[in-house]
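Reproduced below: target-v1.tsv, with TSV, C-alpha atoms and all ligand atoms.
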chain	number	residue	atom	x	y	z
E	15	MET	CA	16.64	22.66	1.34
E	16	THR	CA	13.92	22.53	-1.31
E	17	THR	CA	12.82	20.09	-3.98
E	18	ALA	CA	10.88	20.46	-7.19
E	19	ASP	CA	7.80	20.00	-5.03
E	20	SER	CA	6.87	22.45	-2.29
E	21	ARG	CA	8.08	20.46	0.72
E	22	ARG	CA	11.15	21.50	2.65
E	23	ALA	CA	13.36	19.76	5.16
E	24	ASP	CA	15.50	21.53	7.74
E	25	TYR	CA	17.89	18.57	7.96
E	26	PRO	CA	19.52	16.69	5.07
E	27	ILE	CA	17.12	13.78	4.51
E	28	ASP	CA	16.85	11.71	1.36
E	29	PRO	CA	14.66	13.38	-1.32
E	30	LEU	CA	12.46	10.26	-1.29
E	31	PHE	CA	10.83	11.50	1.92
E	32	LEU	CA	10.13	14.92	0.43
E	33	GLN	CA	8.82	13.60	-2.84
E	34	ARG	CA	6.34	11.09	-1.43
E	35	TRP	CA	2.85	12.43	-0.96
E	36	SER	CA	-0.68	11.10	-1.27
E	37	PRO	CA	-2.32	12.16	-4.51
E	38	ARG	CA	-6.00	11.73	-5.30
E	39	SER	CA	-5.68	12.13	-9.03
E	40	PHE	CA	-4.90	8.77	-10.61
E	41	THR	CA	-4.84	7.88	-14.30
E	42	GLY	CA	-6.58	4.52	-14.02
E	43	ALA	CA	-3.63	2.80	-15.72
E	44	PRO	CA	-3.67	-0.94	-15.14
E	45	ILE	CA	-1.07	-2.37	-12.75
E	46	SER	CA	0.40	-5.79	-13.40
E	47	GLU	CA	0.36	-8.45	-10.72
E	48	HIS	CA	4.18	-8.29	-10.83
E	49	ASP	CA	4.32	-4.54	-10.18
E	50	LEU	CA	1.82	-4.81	-7.35
E	51	MET	CA	3.70	-7.72	-5.77
E	52	THR	CA	6.93	-5.68	-6.01
E	53	ILE	CA	5.30	-2.97	-3.90
E	54	LEU	CA	3.90	-5.49	-1.41
E	55	GLU	CA	7.27	-7.27	-1.24
E	56	ALA	CA	8.78	-4.12	0.25
E	57	ALA	CA	5.96	-4.07	2.81
E	58	ARG	CA	6.69	-7.71	3.67
E	59	LEU	CA	10.24	-6.73	4.63
E	60	ALA	CA	9.14	-4.17	7.24
E	61	PRO	CA	10.36	-4.65	10.80
E	62	SER	CA	7.97	-5.91	13.49
E	63	ALA	CA	8.13	-6.81	17.17
E	64	PHE	CA	9.29	-10.41	17.65
E	65	ASN	CA	9.47	-10.51	13.83
E	66	ALA	CA	5.80	-11.45	14.08
E	67	GLN	CA	5.01	-9.92	10.65
E	68	PRO	CA	1.35	-9.36	11.59
E	69	TRP	CA	0.43	-7.61	8.29
E	70	ARG	CA	-1.90	-9.13	5.73
E	71	PHE	CA	-2.83	-7.54	2.39
E	72	VAL	CA	-6.23	-8.17	0.83
E	73	TYR	CA	-6.05	-6.66	-2.63
E	74	ALA	CA	-7.92	-6.11	-5.85
E	75	ARG	CA	-6.58	-4.82	-9.14
E	76	ARG	CA	-8.90	-2.68	-11.27
E	77	ASP	CA	-10.75	-4.48	-14.05
E	78	THR	CA	-10.85	-7.71	-12.05
E	79	GLU	CA	-13.90	-9.34	-10.51
E	80	HIS	CA	-12.62	-8.34	-7.04
E	81	TRP	CA	-12.40	-4.61	-7.76
E	82	PRO	CA	-16.05	-3.63	-7.13
E	83	LYS	CA	-16.02	-5.48	-3.81
E	84	LEU	CA	-13.11	-3.48	-2.41
E	85	LEU	CA	-14.10	-0.18	-4.04
E	86	GLY	CA	-17.58	-0.58	-2.57
E	87	LEU	CA	-16.14	-0.53	0.97
E	88	LEU	CA	-14.84	3.03	0.64
E	89	THR	CA	-16.75	6.07	1.81
E	90	GLU	CA	-18.40	8.00	-0.98
E	91	SER	CA	-15.85	10.83	-0.71
E	92	ASN	CA	-12.93	8.43	-1.08
E	93	ARG	CA	-14.63	6.46	-3.84
E	94	LEU	CA	-14.92	9.68	-5.83
E	95	TRP	CA	-11.17	9.67	-6.54
E	96	ALA	CA	-10.02	6.14	-5.60
E	97	ARG	CA	-12.15	4.66	-8.39
E	98	ASN	CA	-9.33	5.78	-10.74
E	99	ALA	CA	-6.64	3.94	-8.78
E	100	SER	CA	-4.98	0.83	-10.22
E	101	ALA	CA	-5.20	-1.33	-7.11
E	102	LEU	CA	-6.85	-1.24	-3.71
E	103	VAL	CA	-5.38	-2.93	-0.66
E	104	ILE	CA	-7.06	-3.52	2.68
E	105	LEU	CA	-4.33	-3.72	5.31
E	106	VAL	CA	-5.15	-6.15	8.12
E	107	SER	CA	-3.06	-7.02	11.18
E	108	LYS	CA	-2.99	-10.07	13.41
E	109	THR	CA	-3.67	-9.02	16.99
E	110	THR	CA	-1.83	-11.85	18.74
E	111	VAL	CA	1.77	-13.05	18.63
E	112	LEU	CA	3.54	-16.32	19.38
E	113	ARG	CA	6.70	-15.30	21.18
E	114	ARG	CA	9.77	-17.51	20.92
E	115	GLY	CA	9.47	-20.40	23.39
E	116	ALA	CA	5.83	-19.64	24.22
E	117	GLU	CA	3.18	-22.30	23.78
E	118	ARG	CA	0.28	-19.97	23.22
E	119	GLU	CA	-0.40	-16.81	21.30
E	120	ALA	CA	-0.55	-13.68	23.47
E	121	PRO	CA	-2.05	-10.27	22.69
E	122	SER	CA	0.35	-8.19	20.63
E	123	TRP	CA	1.18	-4.69	21.90
E	124	SER	CA	2.38	-3.50	18.52
E	125	HIS	CA	0.41	-5.16	15.72
E	126	SER	CA	-0.98	-1.84	14.48
E	127	LEU	CA	2.41	-0.13	14.75
E	128	ASP	CA	3.98	-3.00	12.82
E	129	ALA	CA	1.28	-2.75	10.15
E	130	GLY	CA	2.02	0.98	9.96
E	131	ALA	CA	5.65	0.19	9.22
E	132	ALA	CA	4.50	-2.10	6.40
E	133	TRP	CA	2.24	0.66	5.07
E	134	LEU	CA	5.10	3.15	4.83
E	135	SER	CA	7.41	0.58	3.20
E	136	LEU	CA	4.65	0.00	0.66
E	137	ALA	CA	4.24	3.73	0.06
E	138	LEU	CA	7.96	4.35	-0.36
E	139	GLN	CA	8.44	1.39	-2.71
E	140	ALA	CA	5.45	2.59	-4.74
E	141	GLN	CA	7.13	5.99	-5.01
E	142	LEU	CA	10.44	4.41	-6.06
E	143	SER	CA	8.66	2.29	-8.68
E	144	GLY	CA	6.85	5.21	-10.29
E	145	TRP	CA	3.52	4.60	-8.57
E	146	ALA	CA	1.83	6.46	-5.72
E	147	ALA	CA	-0.03	5.16	-2.67
E	148	HIS	CA	-2.76	6.88	-0.67
E	149	GLY	CA	-3.87	5.50	2.73
E	150	MET	CA	-7.49	5.69	3.83
E	151	VAL	CA	-9.42	5.23	7.07
E	152	GLY	CA	-12.54	6.32	5.25
E	153	PHE	CA	-14.08	2.94	4.56
E	154	ASP	CA	-16.58	0.61	6.21
E	155	ARG	CA	-14.37	-1.49	8.46
E	156	ASP	CA	-17.21	-3.64	9.81
E	157	ARG	CA	-18.36	-4.46	6.33
E	158	ALA	CA	-14.74	-5.16	5.30
E	159	VAL	CA	-14.60	-7.88	7.96
E	160	THR	CA	-17.67	-9.64	6.60
E	161	THR	CA	-17.20	-8.94	2.89
E	162	LEU	CA	-13.56	-10.01	2.87
E	163	GLY	CA	-13.94	-12.85	5.37
E	164	VAL	CA	-11.44	-11.45	7.89
E	165	PRO	CA	-11.31	-13.94	10.77
E	166	ASP	CA	-11.40	-13.21	14.52
E	167	GLY	CA	-8.02	-12.16	15.88
E	168	TYR	CA	-7.32	-9.74	13.02
E	169	ARG	CA	-7.86	-5.97	12.94
E	170	VAL	CA	-8.74	-4.14	9.74
E	171	GLU	CA	-6.30	-1.21	9.77
E	172	ALA	CA	-6.56	0.83	6.60
E	173	ALA	CA	-7.39	0.88	2.94
E	174	ILE	CA	-4.73	1.88	0.43
E	175	ALA	CA	-5.15	3.12	-3.13
E	176	ILE	CA	-2.22	2.60	-5.49
E	177	GLY	CA	-2.02	4.20	-8.91
E	178	ARG	CA	-0.16	6.34	-11.38
E	179	ARG	CA	-0.35	9.97	-10.39
E	180	GLY	CA	-2.54	11.95	-12.80
E	181	ASP	CA	-3.08	15.60	-13.55
E	182	LYS	CA	-5.28	17.45	-11.08
E	183	SER	CA	-7.69	18.32	-13.92
E	184	LEU	CA	-8.79	14.67	-13.80
E	185	LEU	CA	-10.34	15.33	-10.38
E	186	PRO	CA	-13.75	16.81	-9.60
E	187	GLU	CA	-13.32	20.56	-9.09
E	188	SER	CA	-13.96	20.30	-5.36
E	189	LEU	CA	-10.78	18.22	-4.91
E	190	GLN	CA	-8.42	20.04	-7.25
E	191	ALA	CA	-7.20	22.70	-4.77
E	192	ARG	CA	-6.00	20.03	-2.32
E	193	GLU	CA	-4.01	18.14	-4.95
E	194	GLN	CA	-0.55	19.12	-3.76
E	195	PRO	CA	1.88	18.13	-0.99
E	196	ASN	CA	0.77	19.48	2.39
E	197	ASP	CA	2.89	20.82	5.24
E	198	ARG	CA	4.18	19.45	8.51
E	199	VAL	CA	4.56	20.68	12.08
E	200	PRO	CA	8.20	21.77	12.69
E	201	LEU	CA	10.41	19.10	14.25
E	202	ALA	CA	11.17	21.37	17.23
E	203	GLN	CA	7.52	21.07	18.29
E	204	LEU	CA	7.65	17.28	18.20
E	205	VAL	CA	10.89	16.41	19.94
E	206	HIS	CA	11.12	16.21	23.73
E	207	GLU	CA	14.61	15.86	25.14
E	208	GLY	CA	14.71	13.66	28.20
E	209	GLY	CA	10.98	13.76	29.02
E	210	PHE	CA	7.61	14.83	27.71
E	211	ASP	CA	7.25	18.60	27.59
E	212	ALA	CA	3.52	19.21	28.10
E	213	ALA	CA	3.94	22.81	26.90
E	214	LYS	CA	4.47	21.40	23.42
E	215	SER	CA	1.41	19.16	23.41
D	1	LIG	C1	-3.86	5.67	7.96
D	1	LIG	C2	-4.22	6.79	7.02
D	1	LIG	C3	-5.54	7.05	6.74
D	1	LIG	C4	-5.91	8.06	5.83
D	1	LIG	N1	-7.22	8.22	5.50
D	1	LIG	C5	-7.54	9.02	4.45
D	1	LIG	C6	-8.85	9.03	3.92
D	1	LIG	O1	-9.75	8.31	4.36
D	1	LIG	N2	-9.10	9.86	2.86
D	1	LIG	C7	-8.15	10.67	2.32
D	1	LIG	O2	-8.45	11.37	1.35
D	1	LIG	N3	-6.87	10.67	2.80
D	1	LIG	C8	-6.55	9.87	3.84
D	1	LIG	N4	-5.25	9.81	4.30
D	1	LIG	C9	-4.22	10.66	3.71
D	1	LIG	C10	-3.72	11.71	4.71
D	1	LIG	O3	-4.64	12.76	4.79
D	1	LIG	C11	-2.33	12.19	4.25
D	1	LIG	O4	-1.42	11.11	4.34
D	1	LIG	C12	-1.83	13.34	5.11
D	1	LIG	O5	-2.60	14.51	4.88
D	1	LIG	C13	-0.39	13.65	4.80
D	1	LIG	O6	-0.25	13.94	3.43
D	1	LIG	P1	0.74	13.15	2.48
D	1	LIG	O7	0.47	11.68	2.63
D	1	LIG	O8	0.41	13.68	1.12
D	1	LIG	O9	2.13	13.47	2.91
D	1	LIG	C14	-4.89	8.83	5.23
D	1	LIG	C15	-3.54	8.58	5.53
D	1	LIG	C16	-3.21	7.58	6.41
D	1	LIG	C17	-1.75	7.32	6.70

Would you give me this structure, written as structure tokens?
Amino acid sequence: MTTADSRRADYPIDPLFLQRWSPRSFTGAPISEHDLMTILEAARLAPSAFNAQPWRFVYARRDTEHWPKLLGLLTESNRLWARNASALVILVSKTTVLRRGAEREAPSWSHSLDAGAAWLSLALQAQLSGWAAHGMVGFDRDRAVTTLGVPDGYRVEAAIAIGRRGDKSLLPESLQAREQPNDRVPLAQLVHEGGFDAAKS
């Protein structure tokens, strides 16, 4: 099974999963608050343990006063291309949860996993809406805490660039060769029937 892009699936999944990938070439087109909120709305509806919804989204749209603050958190190599994105989001998760009936918050086992679910919902909605999202760990997480005023009890998880996919010629030459969907390990190497098969690790 093939798509217009180079990715293949061995089982009949929805083309959405094949078509989503993380570009670096963005056009710099402005994104409206409404379009950005549409993408974040999908993230809000992600599932989470105890329905704790631990995700928080600190964002800046380009050409706003907040943009330089978020862009300045990225590593130089990410800033090189993400400066042409339309919005930047810093994904933060709450590390404790108030379980039903409990009086006090307790450490959450799954806050990062839950935030990851929100990230993928965001990325897929972006794809469906004609935008593209690119996750990043390459940013100064300590400085994000202070610059963005993230309180204790929250973990800074990832940065996300959202934009309109551009032509690879918009990128510095050093990045142009990587501007295409990459491959995946075959499913057979990842699935372990009935128990972990160390030979596959
Ligand atoms: C949490 C997370 C952090 C990432 N960090 C970076 C990053 O700092 N810089 C970068 O260029 N790409 C980054 N990526 C993009 C990955 O390299 C990319 O998702 C992976 O190669 C799979 O490609 P695809 O998203 O195009 O399918 C990150 C992706 C995720 C999910």

Next on the checklist: Neighbouring residues of E:Arg93 were defined as those with any atom within 12 Å, considering all atoms listed in the file; residues of the same chain fewer than 3 positions away were excluded. Please report them as a PyMOL selection string.
Outcome noted: chain E and resi 38-39+81-82+84-90+96-99+102+150+152-154+173-175+185-186

Selected residues written out with C-alpha atoms, as a compact mmCIF listing (two decimals), in the frame of the given file:
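Written output follows (part_12.txt):
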# COMPACT_ATOMS: atom_id res chain seq x y z
CA ARG E 38 -6.00 11.73 -5.30
CA SER E 39 -5.68 12.13 -9.03
CA TRP E 81 -12.40 -4.61 -7.76
CA PRO E 82 -16.05 -3.63 -7.13
CA LEU E 84 -13.11 -3.48 -2.41
CA LEU E 85 -14.10 -0.18 -4.04
CA GLY E 86 -17.58 -0.58 -2.57
CA LEU E 87 -16.14 -0.53 0.97
CA LEU E 88 -14.84 3.03 0.64
CA THR E 89 -16.75 6.07 1.81
CA GLU E 90 -18.40 8.00 -0.98
CA ALA E 96 -10.02 6.14 -5.60
CA ARG E 97 -12.15 4.66 -8.39
CA ASN E 98 -9.33 5.78 -10.74
CA ALA E 99 -6.64 3.94 -8.78
CA LEU E 102 -6.85 -1.24 -3.71
CA MET E 150 -7.49 5.69 3.83
CA GLY E 152 -12.54 6.32 5.25
CA PHE E 153 -14.08 2.94 4.56
CA ASP E 154 -16.58 0.61 6.21
CA ALA E 173 -7.39 0.88 2.94
CA ILE E 174 -4.73 1.88 0.43
CA ALA E 175 -5.15 3.12 -3.13
CA LEU E 185 -10.34 15.33 -10.38
CA PRO E 186 -13.75 16.81 -9.60

Next on the checklist: Just want the 7 Å neighbourhood of E:Trp69, counted on only C-alpha atoms, with same-chain residues fewer than 3 positions away dropped. Output as an MDAnalysis selection string.
Outcome noted: chainID E and resid 105:108 129

Next on the checklist: Please find the residues contacting ligand LIG 1 (chain D) at a distance of at most 6 Å between atoms, with all atoms listed in the file counted, and report them as a ChimeraX atom specification.
Outcome noted: /E:35-36,92,148-152,172,195-196

Output C-alpha atoms for every residue in that selection, as a PDB file, keeping the file's coordinate frame.
ATOM      1  CA  TRP E  35       2.850  12.430  -0.960  1.00  0.00           C
ATOM      2  CA  SER E  36      -0.680  11.100  -1.270  1.00  0.00           C
ATOM      3  CA  ASN E  92     -12.930   8.430  -1.080  1.00  0.00           C
ATOM      4  CA  HIS E 148      -2.760   6.880  -0.670  1.00  0.00           C
ATOM      5  CA  GLY E 149      -3.870   5.500   2.730  1.00  0.00           C
ATOM      6  CA  MET E 150      -7.490   5.690   3.830  1.00  0.00           C
ATOM      7  CA  VAL E 151      -9.420   5.230   7.070  1.00  0.00           C
ATOM      8  CA  GLY E 152     -12.540   6.320   5.250  1.00  0.00           C
ATOM      9  CA  ALA E 172      -6.560   0.830   6.600  1.00  0.00           C
ATOM     10  CA  PRO E 195       1.880  18.130  -0.990  1.00  0.00           C
ATOM     11  CA  ASN E 196       0.770  19.480   2.390  1.00  0.00           C
TER      12      ASN E 196
END

Checklist entry - What lies within 10 Å of E:Gln67 using all atoms listed in the file, ignoring chain neighbours under 2 positions off, as a VMD selection string? => result chain E and resid 57 to 65 69 to 70 107 to 108 111 125 128 to 129 132

Next on the checklist: Here is a test: counting all atoms listed in the file, which residue of E:Tyr73, E:Val205, E:Arg169, E:Glu117 is nearest to E:Met51?
Outcome noted: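 Distance minimum relative to E:Met51 lands on E:Tyr73.
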
Next on the checklist: For E:Gly163, find every residue with an atom within 12 Å (counting only C-alpha atoms), except residues of its own chain fewer than 4 positions away, and show them as a list of chain:residue names.
Outcome noted: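 That gives E:Val72, E:Lys83, E:Ile104, E:Val106, E:Arg155, E:Asp156, E:Arg157, E:Ala158, E:Val159, E:Tyr168, E:Arg169, E:Val170.
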
Next on the checklist: Just checking: using all atoms listed in the file, which residue out of E:Gln194, E:Ala74, E:Trp133, E:Ser122 ends up closest to E:Lys182?
Outcome noted: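 Nearest to E:Lys182: E:Gln194.
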
Item to check | Proximity to E:Pro165 - best of E:Ser46, E:Thr109, E:Gly130, E:Asp24, all atoms listed in the file | outcome: E:Thr109

Next on the checklist: Could you tell me how far atom CA of E:Ser124 sits from atom CA of E:Thr52, in Å to one decimal place?
Outcome noted: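 Interatomic distance, atom CA of E:Thr52 to atom CA of E:Ser124: 25.0 Å.
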
Next on the checklist: What's the separation between atom CA of E:Ser135 and atom CA of E:Leu189, in Å to one decimal place?
Outcome noted: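 So the answer is 26.6 Å.
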
Checklist entry - Which residue out of E:His206, E:His48, E:Arg34, E:Arg75 has the minimum interatomic distance to E:Ile176 when all atoms listed in the file are used? => result E:Arg75

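Residue neighbourhood of E:Trp145, excluding near-sequence residues (fewer than 3 positions): Ala140, Gln141, Ile176, Gly177, Arg178 and Arg179 of chain E, at 7 Å, using only C-alpha atoms.
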
Item to check | Polymer residues at most 10 Å from (10.3, 12.9, -1.1) by all atoms listed in the file, as a list in words | outcome: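 Here is the list of nearby residues: Thr17, Ala18, Asp19, Arg21, Arg22, Ala23, Ile27, Asp28, Pro29, Leu30, Phe31, Leu32, Gln33, Arg34, Trp35, Leu138, Gln141, Leu142 and Pro195 of chain E.
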
Checklist entry - What is the distance, in Å and to one decimal place, between atom CA of E:Ile53 and atom CA of E:Ser143? => result 7.9 Å
